[in-house]
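This report refers to the structure that appears directly beneath it.
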Amino acid sequence: MRRWIWLSVVAVFAIAYPLLLSSPFQQRLGALVLLYAIAASAWNIVGGYAGQVSVGHVVFFGCGAYAAMGSYAKFGLSPLFGIPGGIVIAVGLAAIIGVPTLRLSGHYFSMATIAVAETMRLIVTNTDWLGAAVGLSGPTVPRNIFDLSFLSSLPYYYLFLFVLVITLFITWWMTNSRMGFYLRAIKDSERAARSLGAPASRTKLYAYMLSAALTSVAGALYAMMFGFVDPESGLGILISVKILIMAALGGAGLLFGPLVGAAILVPLEEISNSWLGGKGAGLTFVVYGAIIVLIARFQPGGLLSLFTQRRKSKSDTESKSDTGAGHAP
Amino acid sequence: MSFVLVQVIVGGLLLGAVYALFSSGLTLVWGMMNIVNFAHGDFVMLGMYVAYVVYTLMGGGPILGAPLATLVLATVGVVVYFALIRGIMKGPMLAQILGTFGLALLLRYSVFWWFGANFLSMPPNIVGGTYAFAGLRIEASRLLAGVVALLVTLGLHLLLTRTSLGSKMLAVAEDQTAAQLMGIRPDTMQAIAWAIAAGATGLAGALIANFFYIVPTVGETLGIVAFVTVSLGGFGSVPGALVAGLLIGVIESLSGYLIGAIYKDIVVYVLFLLFLSFRPQGLMGKM
């Protein structure tokens with residue numbers, strides 16, 4: 001019951017936010033929080049629930065971003081048409097990376113994802129058809145509403161909110177399906193899960209492909225809002241880092257963890273950028289690095305796991321939580 | 001075979017020896033503690049900057065810079081071991097990956113913040129001119145880097161296999177509890193392993209700083225190179241890292257020469273992915 005009250009409070013706040021705080025800066029901030037929350041929630045499916053830390057998730061983000069901008073720049077279509085194309089490419093790529101590496105221990109998967117992301121960035125940077133280092137641009141002046149090119153951040157805000165709700169619903173539905181039970185079993189002990197007949201590699205692969213598809217949607221939305229994509233903004237390793245750290249800060253493997261992480265870090269970055277200017281870019285990532293180290297060292301379950309821990313010890317059921325926070329000293 | 005090709009291969013071998021040196025650090029901590037240091041490449045980057053600072057502040061060349069970089073990085077390694085690694089070693093996989101990855105960001109962007117994103121470089125003749133042997137032209141700085149790296153990597157192998165310290169470290173890698181019963185402190189041995197691993201990156205960084213571009217993000221590329229080398233050579237195997245490092249150096253320079261400079265990283269990455277698919281135990285390892 002408590003849970004539903006909280007959920008409706010959050011929902012009402014999310015819907016009312018851009019009307020209550022209506023300056024362009026605040027609306028843009030809100031839209032960005034939701035956008036990163038979508039990407040981080042998508043990462044959460046494979047990084048949190050399946051326990052496979054992808055460090056190159058930007059490659060799927062880039063698939064979506066390039067597909068959206070490409071459908072306009074190359075075929076004169078609305079960027080919206082790029083979304084299904086981006087999803088197909090992202091899922092195919094996920095299968096190519098996932099089939100060999102998900103069989104191996106987790107470190108391999110993480111490193112392979114970095115290598116793939118860097119390879120893609122280098123290839124795209126040297127491909128003229130994809131705009132090389134300059135990138136691709138979207139419509140400068142919208143031809144009709146389907147170009148999704150708006151001056152105000154307000155339409156983006158509600159669009160992103162809609163997609164975020166869908167993403168969270170898919171995640172929730174997944175965790176309560178057979179696949180979710182498999183994933184939980186695999187994360188606890190892959191060997192035990194396998195011996196009981198859970199198809200470990202296949203389940204992890206499905207989670208990875210689902211995550212890739214949703215990340216590609218986030219990339220497409222990002223490109224539509226900013227109106228362009230280049231190798232740095234669409235395939236740079238720092239986007240991966242942001243996605244990963246938001247999910248980990250809020251709580252990897254918790255439904256609302258990525259949203260909490262995004263709601264903390266996006267304003268932090270925007271404010272530090274506007275205060276410190278260009279010099280702030282380096283500093284922001286110093287702080288990000290420090291935050292990741294501190295989470296890993298002291299609270300690997302993320303911030304939200306503090307609450308779940310407390311609730312658990314209150315109701316005095318189990319002392320060990322299933323989010324990995326039980327390992328924290 | 002044309003002279004140019006021989007020249008390219010020799011250049012690749014000299015650079016590959018440096019790859020082998022810093023990769024043997026990664027393979028040591030990986031084999032011993034089963035932890036992967038995602039900040040390994042950024043340790044090398046730090047070594048390069050130490051050498052650069054030594055040069056700009058004191059005008060010292062590699063004779064001063066290399067030992068200093070080794071010492072500084074060995075200290076960094078011990079600090080990182082006690083402050084971070086000991087805490088996350090027995091934690092979940094997520095914490096291990098995040099911990100060292102966060103460290104990588106912290107180092108990379110601290111340097112970025114302090115020195116800026118510009119490409120720095122050492123003066124071209126800091127070590128000496130260019131030698132000519134039988135039609136081959138070899139820069140002194142590359143020759144120095146390759147030879148020193150090769151000798152130190154071999155020395156590391158002897159240290160691990162022929163000395164009592166090496167035996168103690170292997171004992172800890174094999175079975176911590178048993179080692180403890182024999183009066184070996186796992187904590188001390190692991191801290192020493194981190195000092196050696198990070199010290200090797202410091203030396204490697206100082207050696208390549210003389211001819212490589214110096215930039216905060218160089219650690220990312222070098223980190224992947226180290227990872228590829230270790231995967232090819234097998235975990236915990238210094239001789240494996242040596243062979244794989246030399247091989248990667250040669251493959252990289254050959255593909256840079258034959259296909260084009262921008263594709264040399266791509267070739268190495270693709271090779272890595274193919275290896276993961278078909279022979280994840282590495283060239284010489286068993287699984």
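Order determines the names: the first chain of the structure tokens is A, the second B, and so forth; residues in each chain are numbered 1 upward, and ligands are numbered 1 upward as they are shown.
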Open item on the list: With 9 Å as the limit and counting only C-alpha atoms, what residues in chain A lie close to chain B? Please list them as JSON, numbers by chain.
Closed with: {"A": [47, 48, 51, 52, 53, 97, 99, 100, 101, 104, 106, 107, 108, 110, 111, 112, 114, 115, 116, 118, 119, 120, 122, 123, 126, 241, 244, 245, 248, 252, 279, 280, 281, 282, 283, 284, 285, 286, 287, 288, 289, 290, 291, 292, 293, 294, 295, 296, 297, 298, 299, 300, 301, 324, 325, 327, 328, 329]}
TODO: Just list the residues in region 43-258 of chain B DSSP gives strand (DSSP E) on the backbone, as a PyMOL selection string.
DONE: chain B and resi 130-133+136-139
Open item on the list: Measuring between only C-alpha atoms, which one of B:Leu73, B:Ala198, B:Val230, B:Val29 shows the shortest distance to Val172 (chain B)?
Closed with: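 Answer, going by the shortest atom-to-atom distance: B:Val29.
Each of A:Leu259, A:Ala200, A:Ile239, A:Leu161 was checked against Ala14 (chain A) using only C-alpha atoms; the smallest atom-to-atom distance is that of A:Leu161.
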Pick out the residues sitting within 8 Å of Ser201 (chain A), and hand them over as a tab-separated table (two decimals) with N, CA and C atoms, in the first residue's frame; count only C-alpha atoms, and ignore anything fewer than 2 positions along from it in its own chain.
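Wrote it out as out09.tsv, contents follow:
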chain	number	residue	atom	x	y	z
A	99	VAL	N	26.91	-13.09	-27.88
A	99	VAL	CA	27.04	-14.54	-28.02
A	99	VAL	C	28.42	-15.03	-27.59
A	102	LEU	N	29.23	-13.36	-23.42
A	102	LEU	CA	28.41	-13.61	-22.23
A	102	LEU	C	28.66	-14.99	-21.64
A	103	ARG	N	29.34	-15.85	-22.41
A	103	ARG	CA	29.68	-17.16	-21.87
A	103	ARG	C	30.82	-17.04	-20.87
A	199	PRO	N	18.45	-21.59	-18.54
A	199	PRO	CA	19.34	-21.36	-19.70
A	199	PRO	C	20.10	-20.05	-19.51
A	203	THR	N	19.44	-16.44	-21.44
A	203	THR	CA	18.71	-15.42	-20.69
A	203	THR	C	19.51	-14.12	-20.61
A	204	LYS	N	20.81	-14.25	-20.36
A	204	LYS	CA	21.64	-13.04	-20.30
A	204	LYS	C	21.64	-12.33	-21.66
A	205	LEU	N	21.68	-13.13	-22.71
A	205	LEU	CA	21.69	-12.55	-24.05
A	205	LEU	C	20.39	-11.80	-24.33
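Within 10 Å of Leu15 (chain B), once only C-alpha atoms are used and residues closer than 3 positions along the same chain are dropped, the contacting residues are B:Ile9, B:Val10, B:Gly11, B:Gly12, B:Val18, B:Tyr19, B:Ala20, B:Arg142, B:Leu143, B:Ala145, B:Gly146, B:Val147, B:Ala149, B:Leu207, B:Ile208, B:Gly245, B:Leu246, B:Ile248, B:Gly249, B:Val250, B:Glu252, B:Ser253.
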Next, write the just-selected residues to a file, as a PDB file, in the first residue's frame, keeping C-alpha atoms as the atom set.
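Now in again14.pdb:
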ATOM      1  CA  ILE B   9      58.546  -5.057 -37.845  1.00  0.00           C
ATOM      2  CA  VAL B  10      61.520  -3.940 -35.758  1.00  0.00           C
ATOM      3  CA  GLY B  11      59.608  -0.838 -34.713  1.00  0.00           C
ATOM      4  CA  GLY B  12      56.670  -3.044 -33.750  1.00  0.00           C
ATOM      5  CA  VAL B  18      56.872  -1.929 -23.761  1.00  0.00           C
ATOM      6  CA  TYR B  19      53.349  -3.337 -24.140  1.00  0.00           C
ATOM      7  CA  ALA B  20      54.651  -6.571 -22.629  1.00  0.00           C
ATOM      8  CA  ARG B 142      62.597   3.603 -29.126  1.00  0.00           C
ATOM      9  CA  LEU B 143      65.643   1.396 -28.845  1.00  0.00           C
ATOM     10  CA  ALA B 145      62.413   1.732 -24.444  1.00  0.00           C
ATOM     11  CA  GLY B 146      62.351  -1.644 -26.177  1.00  0.00           C
ATOM     12  CA  VAL B 147      65.571  -2.974 -24.676  1.00  0.00           C
ATOM     13  CA  ALA B 149      61.307  -3.063 -21.265  1.00  0.00           C
ATOM     14  CA  LEU B 207      59.940   4.949 -21.519  1.00  0.00           C
ATOM     15  CA  ILE B 208      57.269   5.601 -24.138  1.00  0.00           C
ATOM     16  CA  GLY B 245      52.937  -8.017 -26.322  1.00  0.00           C
ATOM     17  CA  LEU B 246      55.581  -8.415 -29.028  1.00  0.00           C
ATOM     18  CA  ILE B 248      50.542  -7.116 -30.832  1.00  0.00           C
ATOM     19  CA  GLY B 249      53.263  -4.541 -31.350  1.00  0.00           C
ATOM     20  CA  VAL B 250      54.145  -6.122 -34.693  1.00  0.00           C
ATOM     21  CA  GLU B 252      49.786  -2.971 -34.886  1.00  0.00           C
ATOM     22  CA  SER B 253      52.681  -1.496 -36.833  1.00  0.00           C
TER      23      SER B 253
END
TODO: Could you please determine the separation between CA of Leu232 (chain B) and CA of Phe212 (chain B) in Å, to one decimal place?
DONE: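 So the answer is 23.9 Å.
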Task: Nearby residues (only C-alpha atoms) at most 9 Å from Leu80 (chain A), same-chain spacing under 5 positions excluded, as an MDAnalysis selection string - done: chainID A and resid 68 71:72 146:148 220:221 224
